[in-house]
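Coordinates as given in query_27.cif (mmCIF, C-alpha atoms; chains and numbers go by the auth columns):
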```cif
data_final
loop_
_atom_site.group_PDB
_atom_site.id
_atom_site.type_symbol
_atom_site.label_atom_id
_atom_site.label_comp_id
_atom_site.label_asym_id
_atom_site.label_seq_id
_atom_site.Cartn_x
_atom_site.Cartn_y
_atom_site.Cartn_z
_atom_site.B_iso_or_equiv
_atom_site.auth_seq_id
_atom_site.auth_asym_id
ATOM 1 C CA MET A 1 -25.306 -152.450 -112.842 0.00 1 A
ATOM 2 C CA ALA A 2 -27.095 -153.646 -115.996 0.00 2 A
ATOM 3 C CA VAL A 3 -25.294 -153.535 -119.316 0.00 3 A
ATOM 4 C CA THR A 4 -27.056 -151.656 -122.101 0.00 4 A
ATOM 5 C CA PRO A 5 -27.439 -154.221 -124.903 0.00 5 A
ATOM 6 C CA VAL A 6 -25.423 -153.422 -128.026 0.00 6 A
ATOM 7 C CA VAL A 7 -25.491 -154.766 -131.578 0.00 7 A
ATOM 8 C CA ILE A 8 -22.150 -156.178 -132.703 0.00 8 A
ATOM 9 C CA GLY A 9 -20.859 -158.009 -135.742 0.00 9 A
ATOM 10 C CA ALA A 10 -20.072 -161.691 -135.323 0.00 10 A
ATOM 11 C CA SER A 11 -18.627 -164.678 -137.098 0.00 11 A
ATOM 12 C CA ALA A 12 -20.794 -167.689 -137.838 0.00 12 A
ATOM 13 C CA THR A 13 -18.006 -169.883 -136.512 0.00 13 A
ATOM 14 C CA ASP A 14 -17.962 -168.140 -133.095 0.00 14 A
ATOM 15 C CA ALA A 15 -18.947 -170.776 -130.505 0.00 15 A
ATOM 16 C CA ARG A 16 -21.348 -168.298 -128.830 0.00 16 A
ATOM 17 C CA VAL A 17 -23.169 -167.802 -132.130 0.00 17 A
ATOM 18 C CA THR A 18 -23.295 -171.546 -132.688 0.00 18 A
ATOM 19 C CA THR A 19 -24.870 -171.925 -129.233 0.00 19 A
ATOM 20 C CA LEU A 20 -27.587 -169.388 -130.162 0.00 20 A
ATOM 21 C CA MET A 21 -28.236 -171.142 -133.474 0.00 21 A
ATOM 22 C CA GLU A 22 -28.481 -174.529 -131.776 0.00 22 A
ATOM 23 C CA ALA A 23 -30.997 -173.090 -129.288 0.00 23 A
ATOM 24 C CA GLN A 24 -33.010 -171.683 -132.201 0.00 24 A
ATOM 25 C CA GLN A 25 -32.999 -175.043 -133.997 0.00 25 A
ATOM 26 C CA THR A 26 -34.058 -176.891 -130.842 0.00 26 A
ATOM 27 C CA GLU A 27 -36.942 -174.479 -130.355 0.00 27 A
ATOM 28 C CA LEU A 28 -38.048 -174.636 -133.986 0.00 28 A
ATOM 29 C CA THR A 29 -37.931 -178.410 -134.269 0.00 29 A
ATOM 30 C CA GLY A 30 -39.986 -178.619 -131.072 0.00 30 A
ATOM 31 C CA ARG A 31 -42.538 -176.158 -132.440 0.00 31 A
ATOM 32 C CA TYR A 32 -43.188 -177.676 -135.866 0.00 32 A
ATOM 33 C CA ASP A 33 -44.328 -181.236 -136.481 0.00 33 A
ATOM 34 C CA ASP A 34 -42.507 -181.328 -139.805 0.00 34 A
ATOM 35 C CA ALA A 35 -38.730 -181.027 -139.350 0.00 35 A
ATOM 36 C CA SER A 36 -38.364 -180.059 -143.024 0.00 36 A
ATOM 37 C CA LEU A 37 -39.932 -176.674 -142.158 0.00 37 A
ATOM 38 C CA THR A 38 -36.743 -175.644 -140.408 0.00 38 A
ATOM 39 C CA GLU A 39 -33.504 -174.851 -142.159 0.00 39 A
ATOM 40 C CA PRO A 40 -30.478 -176.315 -140.383 0.00 40 A
ATOM 41 C CA PHE A 41 -27.834 -173.785 -139.433 0.00 41 A
ATOM 42 C CA ASP A 42 -24.929 -173.775 -141.851 0.00 42 A
ATOM 43 C CA PRO A 43 -22.160 -171.352 -140.825 0.00 43 A
ATOM 44 C CA GLY A 44 -21.194 -171.035 -144.489 0.00 44 A
ATOM 45 C CA SER A 45 -24.591 -169.552 -145.355 0.00 45 A
ATOM 46 C CA SER A 46 -23.941 -166.592 -143.052 0.00 46 A
ATOM 47 C CA SER A 47 -20.485 -165.817 -144.374 0.00 47 A
ATOM 48 C CA GLY A 48 -19.211 -164.780 -147.755 0.00 48 A
ATOM 49 C CA ALA A 49 -19.488 -161.670 -149.867 0.00 49 A
ATOM 50 C CA GLY A 50 -22.470 -159.501 -149.041 0.00 50 A
ATOM 51 C CA ASN A 51 -23.645 -161.540 -146.051 0.00 51 A
ATOM 52 C CA VAL A 52 -23.851 -160.052 -142.564 0.00 52 A
ATOM 53 C CA LEU A 53 -24.245 -161.652 -139.132 0.00 53 A
ATOM 54 C CA LEU A 54 -25.089 -159.437 -136.158 0.00 54 A
ATOM 55 C CA THR A 55 -25.663 -160.286 -132.520 0.00 55 A
ATOM 56 C CA VAL A 56 -27.052 -158.413 -129.542 0.00 56 A
ATOM 57 C CA GLN A 57 -24.847 -158.568 -126.468 0.00 57 A
ATOM 58 C CA GLY A 58 -26.307 -157.937 -123.021 0.00 58 A
ATOM 59 C CA ASP A 59 -25.875 -158.964 -119.391 0.00 59 A
ATOM 60 C CA LEU A 60 -26.100 -162.664 -120.288 0.00 60 A
ATOM 61 C CA GLY A 61 -23.595 -162.446 -123.170 0.00 61 A
ATOM 62 C CA LEU A 62 -24.986 -162.911 -126.672 0.00 62 A
ATOM 63 C CA ILE A 63 -28.773 -162.802 -126.309 0.00 63 A
ATOM 64 C CA ALA A 64 -30.044 -162.359 -129.878 0.00 64 A
ATOM 65 C CA CYS A 65 -28.865 -162.675 -133.455 0.00 65 A
ATOM 66 C CA GLY A 66 -29.853 -162.176 -137.062 0.00 66 A
ATOM 67 C CA ALA A 67 -28.276 -162.224 -140.485 0.00 67 A
ATOM 68 C CA LEU A 68 -28.522 -160.825 -143.992 0.00 68 A
ATOM 69 C CA LYS A 69 -28.088 -163.227 -146.888 0.00 69 A
ATOM 70 C CA ARG A 70 -27.272 -161.611 -150.230 0.00 70 A
ATOM 71 C CA TRP A 71 -29.590 -162.417 -153.134 0.00 71 A
ATOM 72 C CA ASP A 72 -28.337 -159.875 -155.635 0.00 72 A
ATOM 73 C CA ALA A 73 -26.727 -156.426 -155.742 0.00 73 A
ATOM 74 C CA ILE A 74 -29.739 -154.657 -154.193 0.00 74 A
ATOM 75 C CA THR A 75 -31.588 -157.436 -152.324 0.00 75 A
ATOM 76 C CA ALA A 76 -30.851 -159.419 -149.173 0.00 76 A
ATOM 77 C CA GLU A 77 -32.981 -161.727 -147.061 0.00 77 A
ATOM 78 C CA ILE A 78 -33.151 -161.350 -143.290 0.00 78 A
ATOM 79 C CA LYS A 79 -32.326 -164.721 -141.757 0.00 79 A
ATOM 80 C CA ARG A 80 -31.721 -166.338 -138.385 0.00 80 A
ATOM 81 C CA MET A 81 -33.558 -163.833 -136.194 0.00 81 A
ATOM 82 C CA TYR A 82 -33.520 -165.346 -132.710 0.00 82 A
ATOM 83 C CA THR A 83 -33.738 -164.075 -129.134 0.00 83 A
ATOM 84 C CA LEU A 84 -33.166 -166.175 -126.035 0.00 84 A
ATOM 85 C CA PRO A 85 -36.538 -166.962 -124.421 0.00 85 A
ATOM 86 C CA GLU A 86 -35.524 -165.523 -121.039 0.00 86 A
ATOM 87 C CA VAL A 87 -34.959 -162.029 -122.490 0.00 87 A
ATOM 88 C CA ARG A 88 -37.837 -161.823 -124.969 0.00 88 A
ATOM 89 C CA GLY A 89 -40.230 -158.912 -124.823 0.00 89 A
ATOM 90 C CA GLN A 90 -37.465 -156.403 -124.012 0.00 90 A
ATOM 91 C CA GLY A 91 -36.853 -155.052 -127.529 0.00 91 A
ATOM 92 C CA HIS A 92 -33.744 -157.080 -128.332 0.00 92 A
ATOM 93 C CA ALA A 93 -35.121 -158.540 -131.580 0.00 93 A
ATOM 94 C CA ARG A 94 -36.147 -155.068 -132.720 0.00 94 A
ATOM 95 C CA ARG A 95 -32.677 -153.767 -131.810 0.00 95 A
ATOM 96 C CA GLY A 96 -31.129 -156.517 -133.938 0.00 96 A
ATOM 97 C CA LEU A 97 -33.535 -155.900 -136.829 0.00 97 A
ATOM 98 C CA VAL A 98 -32.722 -152.183 -136.847 0.00 98 A
ATOM 99 C CA GLY A 99 -29.016 -153.089 -136.885 0.00 99 A
ATOM 100 C CA LEU A 100 -29.543 -155.413 -139.852 0.00 100 A
ATOM 101 C CA ILE A 101 -31.482 -152.757 -141.768 0.00 101 A
ATOM 102 C CA GLU A 102 -28.791 -150.158 -141.087 0.00 102 A
ATOM 103 C CA ARG A 103 -26.003 -152.558 -142.086 0.00 103 A
ATOM 104 C CA GLY A 104 -27.916 -153.603 -145.203 0.00 104 A
ATOM 105 C CA CYS A 105 -28.307 -149.991 -146.255 0.00 105 A
ATOM 106 C CA ALA A 106 -24.601 -149.352 -145.620 0.00 106 A
ATOM 107 C CA GLN A 107 -23.766 -152.331 -147.846 0.00 107 A
ATOM 108 C CA GLY A 108 -25.864 -150.930 -150.677 0.00 108 A
ATOM 109 C CA TYR A 109 -28.970 -153.091 -150.355 0.00 109 A
ATOM 110 C CA SER A 110 -32.149 -151.196 -151.048 0.00 110 A
ATOM 111 C CA ARG A 111 -34.577 -154.081 -150.594 0.00 111 A
ATOM 112 C CA LEU A 112 -34.765 -156.539 -147.724 0.00 112 A
ATOM 113 C CA MET A 113 -36.952 -159.638 -147.719 0.00 113 A
ATOM 114 C CA LEU A 114 -38.267 -161.432 -144.652 0.00 114 A
ATOM 115 C CA GLU A 115 -40.061 -164.745 -144.307 0.00 115 A
ATOM 116 C CA TRP A 116 -42.272 -164.473 -141.278 0.00 116 A
ATOM 117 C CA ARG A 117 -44.418 -167.113 -139.644 0.00 117 A
ATOM 118 C CA PRO A 118 -47.376 -165.265 -138.121 0.00 118 A
ATOM 119 C CA ALA A 119 -48.624 -168.474 -136.510 0.00 119 A
ATOM 120 C CA THR A 120 -45.651 -168.411 -134.127 0.00 120 A
ATOM 121 C CA ALA A 121 -47.038 -167.592 -130.677 0.00 121 A
ATOM 122 C CA SER A 122 -43.827 -165.971 -129.422 0.00 122 A
ATOM 123 C CA GLN A 123 -43.957 -163.244 -132.083 0.00 123 A
ATOM 124 C CA ARG A 124 -45.850 -160.388 -130.500 0.00 124 A
ATOM 125 C CA SER A 125 -45.709 -157.785 -133.253 0.00 125 A
ATOM 126 C CA SER A 126 -46.121 -158.066 -136.978 0.00 126 A
ATOM 127 C CA PRO A 127 -43.433 -156.790 -139.337 0.00 127 A
ATOM 128 C CA LEU A 128 -46.333 -155.584 -141.466 0.00 128 A
ATOM 129 C CA MET A 129 -47.048 -153.005 -138.782 0.00 129 A
ATOM 130 C CA ASP A 130 -43.490 -151.681 -138.749 0.00 130 A
ATOM 131 C CA GLY A 131 -43.050 -150.350 -142.262 0.00 131 A
ATOM 132 C CA TRP A 132 -42.832 -153.643 -144.093 0.00 132 A
ATOM 133 C CA ALA A 133 -44.636 -153.748 -147.417 0.00 133 A
ATOM 134 C CA SER A 134 -47.645 -155.865 -148.147 0.00 134 A
ATOM 135 C CA PRO A 135 -46.909 -159.538 -148.559 0.00 135 A
ATOM 136 C CA VAL A 136 -44.955 -160.411 -151.692 0.00 136 A
ATOM 137 C CA SER A 137 -44.791 -163.613 -153.673 0.00 137 A
ATOM 138 C CA ARG A 138 -42.655 -166.237 -152.067 0.00 138 A
ATOM 139 C CA THR A 139 -39.589 -167.278 -153.943 0.00 139 A
ATOM 140 C CA SER A 140 -38.468 -170.860 -154.316 0.00 140 A
ATOM 141 C CA ALA A 141 -36.088 -170.253 -151.404 0.00 141 A
ATOM 142 C CA MET A 142 -39.001 -169.281 -149.149 0.00 142 A
ATOM 143 C CA THR A 143 -41.491 -172.087 -149.575 0.00 143 A
ATOM 144 C CA ARG A 144 -40.766 -174.375 -146.656 0.00 144 A
ATOM 145 C CA ALA A 145 -43.740 -173.456 -144.477 0.00 145 A
ATOM 146 C CA PRO A 146 -47.152 -173.049 -146.096 0.00 146 A
ATOM 147 C CA THR A 147 -48.237 -170.781 -143.227 0.00 147 A
ATOM 148 C CA SER A 148 -45.348 -168.358 -143.665 0.00 148 A
ATOM 149 C CA ALA A 149 -45.719 -164.909 -145.127 0.00 149 A
ATOM 150 C CA CYS A 150 -43.046 -163.152 -147.145 0.00 150 A
ATOM 151 C CA VAL A 151 -42.760 -159.404 -146.854 0.00 151 A
ATOM 152 C CA SER A 152 -40.311 -156.845 -148.150 0.00 152 A
ATOM 153 C CA SER A 153 -39.174 -153.369 -147.317 0.00 153 A
ATOM 154 C CA TRP A 154 -37.231 -150.725 -149.165 0.00 154 A
ATOM 155 C CA CYS A 155 -34.640 -150.013 -146.486 0.00 155 A
ATOM 156 C CA CYS A 156 -33.012 -147.284 -148.539 0.00 156 A
ATOM 157 C CA PRO A 157 -34.564 -145.487 -151.470 0.00 157 A
ATOM 158 C CA PRO A 158 -33.552 -147.177 -154.730 0.00 158 A
ATOM 159 C CA THR A 159 -31.346 -144.996 -156.910 0.00 159 A
#
```

Reformat the file's structure so that it appears as structure tokens.
Amino acid sequence: MAVTPVVIGASATDARVTTLMEAQQTELTGRYDDASLTEPFDPGSSSGAGNVLLTVQGDLGLIACGALKRWDAITAEIKRMYTLPEVRGQGHARRGLVGLIERGCAQGYSRLMLEWRPATASQRSSPLMDGWASPVSRTSAMTRAPTSACVSSWCCPPT
């Protein structure tokens, strides 16, 4: 009997999370000619006050992950979205994204930022089509890839 995938909190030092992050890094470094376009996984960047790391657990164990990195009291950046290649196209990334948005809202963030690389062939749907605002100016933290787009969304109405 198949397990219904669930979104769960995780620690960046969990070996299963590290395995997912290493798979993501391997895939990214193989995809881009310039290794500087990828940001090496640092467990410390996904921990600390205001940061959140979520995973999706399914039949194969942890199959997807994503994180929120705090920028300020109302803003966080979505980071480290990754789904194992063998389970892509089944809604797991969307499930993780919804979990991150819900957790961000619960933590008091009203604005989430996302750097998105539309040139990536494995991305089948655009965040722009799912309620994300028009592209916004990239910040100095989001300038690694000249082909990336930065978008934002008000996940909870600002007060």

Box in all listed atoms of region 82-97 of chain A, axis-aligned, with 6 Å more on each side; write out centre and edge lengths in Å to one decimal as AutoDock Vina command-line options.
```
--center_x -35.7 --center_y -160.4 --center_z -128.9 --size_x 21.1 --size_y 25.2 --size_z 27.8
```

Counting all atoms listed in the file, what is within 9 Å of region 89-103 of chain A, bar same-chain residues fewer than 5 positions away, as JSON, numbers by chain? {"A": [5, 6, 7, 8, 52, 53, 54, 55, 56, 63, 64, 65, 66, 67, 68, 78, 81, 82, 83, 108, 109, 112, 124, 155, 156]}

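Minimum atom-to-atom distance to Leu84 (chain A), evaluated using only C-alpha atoms, belongs to A:Gln24 out of A:Gln57, A:Ser110, A:Gln24, A:Asn51.
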
Report, in Å with one decimal, the straight-line distance from CA of Asp42 (chain A) to CA of Leu114 (chain A).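 Between CA of Asp42 (chain A) and CA of Leu114 (chain A) the gap works out to 18.4 Å.
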
Length of the CA of Gly48 (chain A) to CA of Ile74 (chain A) vector [Å]: 16.0 Å

Kindly indicate which residue among A:Ala73, A:Val87, A:Leu62, A:Met113 lies nearest to Gly9 (chain A), using only C-alpha atoms for the distances. A:Leu62

Would you compute the distance between CA of Phe41 (chain A) and CA of Ala76 (chain A)? Give it in Å to one decimal. 17.6 Å

Of the candidates A:Thr75, A:Thr38, A:Thr29, A:Thr18, which shows the shortest atom-to-atom distance to Gly50 (chain A), using only C-alpha atoms?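 The answer is A:Thr75, which sits nearest to Gly50 (chain A).
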
In terms of the shortest atom-to-atom distance over all atoms listed in the file, which of A:Lys69, A:Asp59, A:Ala10, A:Gln107 is closest to Glu86 (chain A)? A:Asp59

May I have the residues within 7 Å of Ala12 (chain A) as a PDB file with C-alpha atoms, keeping the file's coordinate frame, using all atoms listed in the file and disregarding those fewer than 2 positions away in the same chain?
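Saved as out.pdb:
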```
ATOM      1  CA  ALA A  10     -20.072-161.691-135.323  1.00  0.00           C
ATOM      2  CA  ASP A  14     -17.962-168.140-133.095  1.00  0.00           C
ATOM      3  CA  VAL A  17     -23.169-167.802-132.130  1.00  0.00           C
ATOM      4  CA  THR A  18     -23.295-171.546-132.688  1.00  0.00           C
ATOM      5  CA  PRO A  43     -22.160-171.352-140.825  1.00  0.00           C
ATOM      6  CA  SER A  46     -23.941-166.592-143.052  1.00  0.00           C
ATOM      7  CA  SER A  47     -20.485-165.817-144.374  1.00  0.00           C
TER       8      SER A  47
END
```
